[in-house]
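Asks: One structure follows; several queries about it will come next.
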Amino acid sequence: MIQTICIYCASSTQIDPVYFDHARLLGRQLAEAHIRIVNGAGNIGLMGAVSDAALEAGGEVTGVIPRFMVEQGWNHTGLTETIVVNDMHERKQTMARLSDAVIALPGGYGTLEELLEIITWKQLGLYLNPIVILNTNGYYDPLLQLFRQAVDERFMRPLHADLWAVADTPEEAVRLAQTLPVWDQDIRRVAKY
């Protein structure tokens, strides 16, 4: 039963409106499905849009943010719950620990780093829950091609291509997060090449 989904996404405000449309739709859908959101507690960009839409629809959002970001005023002050942590590493660990699944929307360095780290954790058997890449506007196509190349050139096993799923719409992302199986702990035995 998926009760909480971690959302990785951009804080940029200078992006195409289609990304904001998908972020708001995802926030509303998660709220309507009674699924709590965990995110980085940012107050702008897609992070703010997801949170605002979920809250407006009666949903719950837990934000996890390092103290230095709060001191900069980067935190969303209207969340259901805000957890202030010491650093970025603790932030990512806390977000993963609190979540039953991950959905990654488009984003920059931070989002890509979070996505690749959680996929790595899954490969190592440290995070076994569903990971969904929301490929709005084909944003992740180059990364997905790189993943395919990594499998083709044997940097990753074919099994590793099943560590994540790809959705083109927020509706599909929510459905996949709710229906993909949790991986078995034995994945660690087969994760090595």
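Letters A, B, ... go to the chains of the structure tokens in the order shown; residues in each chain start at 1; ligands are counted from 1 in the same order.
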What residues in segment 6-191 of chain A get the DSSP label alpha helix (DSSP H)? Please answer as a PyMOL selection string.
Replies: chain A and resi 17-32+45-56+67-71+88-98+109-123+141-152+170-179+187-190
Asks: Please provide as a list of chain:residue names all residues within 12 Å of Leu143 of chain A, with the sequence filter that same-chain residues fewer than 6 positions apart are discarded (counting only C-alpha atoms).
Replies: A:Pro106, A:Leu112, A:Leu115, A:Leu116, A:Ile133, A:Asn135, A:Gln149, A:Ala150, A:Val166
Asks: In terms of the shortest atom-to-atom distance over only C-alpha atoms, which of A:Glu171, A:Asp184, A:Glu56, A:Asp141 is closest to Gly78 of chain A?
Replies: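 Ranking A:Glu171, A:Asp184, A:Glu56, A:Asp141 by distance to Gly78 of chain A, first place goes to A:Glu56.
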Asks: Could you produce a table of the residues of segment 91-153 of chain A lying within 12 Å of segment 24-30 of chain A, with the nearest pair of atoms per residue and their separation in Å rounded to one decimal, using only C-alpha atoms, ordered by chain and increasing residue number, as a Markdown table?
Replies:
| residue | atom | partner | partner_atom | distance |
| --- | --- | --- | --- | --- |
| A:Ile103 | CA | A:Leu26 | CA | 9.7 |
| A:Ala104 | CA | A:Leu26 | CA | 11.1 |
| A:Leu105 | CA | A:Leu26 | CA | 9.6 |
| A:Leu134 | CA | A:Leu26 | CA | 9.9 |
| A:Thr136 | CA | A:Leu26 | CA | 11.5 |
Asks: Could those residues be written to a file, using N, CA and C atoms, as a compact mmCIF listing (two decimals), in the first residue's frame?
Replies:
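So result.txt came out as:
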# COMPACT_ATOMS: atom_id res chain seq x y z
N ILE A 103 8.82 9.44 -7.42
CA ILE A 103 8.53 9.93 -8.77
C ILE A 103 9.47 11.10 -9.02
N ALA A 104 10.22 11.02 -10.12
CA ALA A 104 11.14 12.10 -10.50
C ALA A 104 10.56 12.86 -11.68
N LEU A 105 10.27 14.14 -11.45
CA LEU A 105 9.88 15.05 -12.52
C LEU A 105 11.14 15.62 -13.13
N LEU A 134 8.97 10.61 -14.54
CA LEU A 134 7.91 11.28 -15.29
C LEU A 134 8.57 12.06 -16.42
N THR A 136 7.98 14.14 -18.85
CA THR A 136 7.22 15.23 -19.45
C THR A 136 7.96 15.81 -20.65
Asks: Once DSSP has gone over the backbone, tell me which residues of segment 2-186 of chain A are in strand (DSSP E or B), as JSON, numbers by chain.
Replies: {"A": [4, 5, 6, 7, 8, 36, 37, 38, 39, 42, 61, 62, 63, 64, 65, 66, 75, 81, 82, 83, 84, 85, 101, 102, 103, 104, 131, 132, 133, 134, 165, 166, 167]}
Asks: Please, could you write that set of residues out with N, CA and C atoms as a tab-separated table (two decimals), in the first residue's frame?
Replies:
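New file out.tsv:
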chain	number	residue	atom	x	y	z
A	4	THR	N	3.00	7.15	0.96
A	4	THR	CA	3.83	8.35	0.81
A	4	THR	C	4.73	8.20	-0.40
A	5	ILE	N	4.75	9.22	-1.24
A	5	ILE	CA	5.61	9.22	-2.42
A	5	ILE	C	6.57	10.40	-2.34
A	6	CYS	N	7.84	10.10	-2.55
A	6	CYS	CA	8.87	11.14	-2.60
A	6	CYS	C	8.91	11.71	-4.02
A	7	ILE	N	8.89	13.03	-4.11
A	7	ILE	CA	8.92	13.71	-5.41
A	7	ILE	C	10.24	14.46	-5.54
A	8	TYR	N	10.99	14.13	-6.58
A	8	TYR	CA	12.19	14.90	-6.96
A	8	TYR	C	11.79	15.79	-8.12
A	36	ARG	N	0.44	10.92	0.70
A	36	ARG	CA	1.26	12.01	1.22
A	36	ARG	C	2.47	12.20	0.30
A	37	ILE	N	2.85	13.45	0.12
A	37	ILE	CA	4.05	13.80	-0.65
A	37	ILE	C	5.18	14.11	0.31
A	38	VAL	N	6.36	13.62	-0.02
A	38	VAL	CA	7.60	14.04	0.64
A	38	VAL	C	8.45	14.69	-0.42
A	39	ASN	N	8.91	15.89	-0.15
A	39	ASN	CA	9.80	16.56	-1.11
A	39	ASN	C	10.82	17.41	-0.35
A	42	GLY	N	11.05	23.03	-0.93
A	42	GLY	CA	11.29	24.29	-1.62
A	42	GLY	C	9.99	25.03	-1.90
A	61	VAL	N	1.74	17.33	2.69
A	61	VAL	CA	3.10	17.43	2.16
A	61	VAL	C	4.08	17.56	3.31
A	62	THR	N	5.04	16.66	3.34
A	62	THR	CA	6.14	16.75	4.29
A	62	THR	C	7.37	17.22	3.52
A	63	GLY	N	7.95	18.31	3.97
A	63	GLY	CA	9.16	18.83	3.34
A	63	GLY	C	10.37	18.52	4.21
A	64	VAL	N	11.45	18.15	3.56
A	64	VAL	CA	12.70	17.87	4.26
A	64	VAL	C	13.75	18.81	3.70
A	65	ILE	N	14.33	19.64	4.57
A	65	ILE	CA	15.20	20.70	4.08
A	65	ILE	C	16.37	20.93	5.03
A	66	PRO	N	17.55	21.15	4.48
A	66	PRO	CA	18.70	21.45	5.33
A	66	PRO	C	18.57	22.82	5.99
A	75	ASN	N	12.56	27.78	2.05
A	75	ASN	CA	11.59	26.76	2.43
A	75	ASN	C	10.15	27.23	2.25
A	81	GLU	N	4.05	19.48	7.23
A	81	GLU	CA	5.14	19.21	8.15
A	81	GLU	C	6.45	19.58	7.48
A	82	THR	N	7.36	20.17	8.23
A	82	THR	CA	8.70	20.46	7.73
A	82	THR	C	9.70	19.83	8.68
A	83	ILE	N	10.61	19.07	8.10
A	83	ILE	CA	11.68	18.43	8.88
A	83	ILE	C	12.98	19.13	8.48
A	84	VAL	N	13.62	19.77	9.44
A	84	VAL	CA	14.88	20.47	9.18
A	84	VAL	C	16.02	19.53	9.56
A	85	VAL	N	16.92	19.33	8.61
A	85	VAL	CA	18.05	18.42	8.81
A	85	VAL	C	19.36	19.19	8.70
A	101	ALA	N	7.60	5.08	-2.43
A	101	ALA	CA	7.91	5.13	-3.86
A	101	ALA	C	8.51	6.49	-4.17
A	102	VAL	N	9.11	6.60	-5.35
A	102	VAL	CA	9.70	7.86	-5.82
A	102	VAL	C	9.14	8.17	-7.20
A	103	ILE	N	8.82	9.44	-7.42
A	103	ILE	CA	8.53	9.93	-8.77
A	103	ILE	C	9.47	11.10	-9.02
A	104	ALA	N	10.22	11.02	-10.12
A	104	ALA	CA	11.14	12.10	-10.50
A	104	ALA	C	10.56	12.86	-11.68
A	131	ILE	N	10.39	3.22	-8.43
A	131	ILE	CA	10.97	4.48	-8.89
A	131	ILE	C	10.37	4.76	-10.26
A	132	VAL	N	9.73	5.92	-10.40
A	132	VAL	CA	9.08	6.28	-11.66
A	132	VAL	C	9.67	7.59	-12.16
A	133	ILE	N	10.05	7.61	-13.43
A	133	ILE	CA	10.55	8.81	-14.09
A	133	ILE	C	9.40	9.40	-14.90
A	134	LEU	N	8.97	10.61	-14.54
A	134	LEU	CA	7.91	11.28	-15.29
A	134	LEU	C	8.57	12.06	-16.42
A	165	ALA	N	10.74	2.77	-13.84
A	165	ALA	CA	9.72	2.74	-14.91
A	165	ALA	C	9.57	4.17	-15.41
A	166	VAL	N	9.07	4.31	-16.61
A	166	VAL	CA	8.92	5.62	-17.24
A	166	VAL	C	7.45	5.88	-17.52
A	167	ALA	N	7.01	7.09	-17.17
A	167	ALA	CA	5.64	7.53	-17.43
A	167	ALA	C	5.67	8.80	-18.26
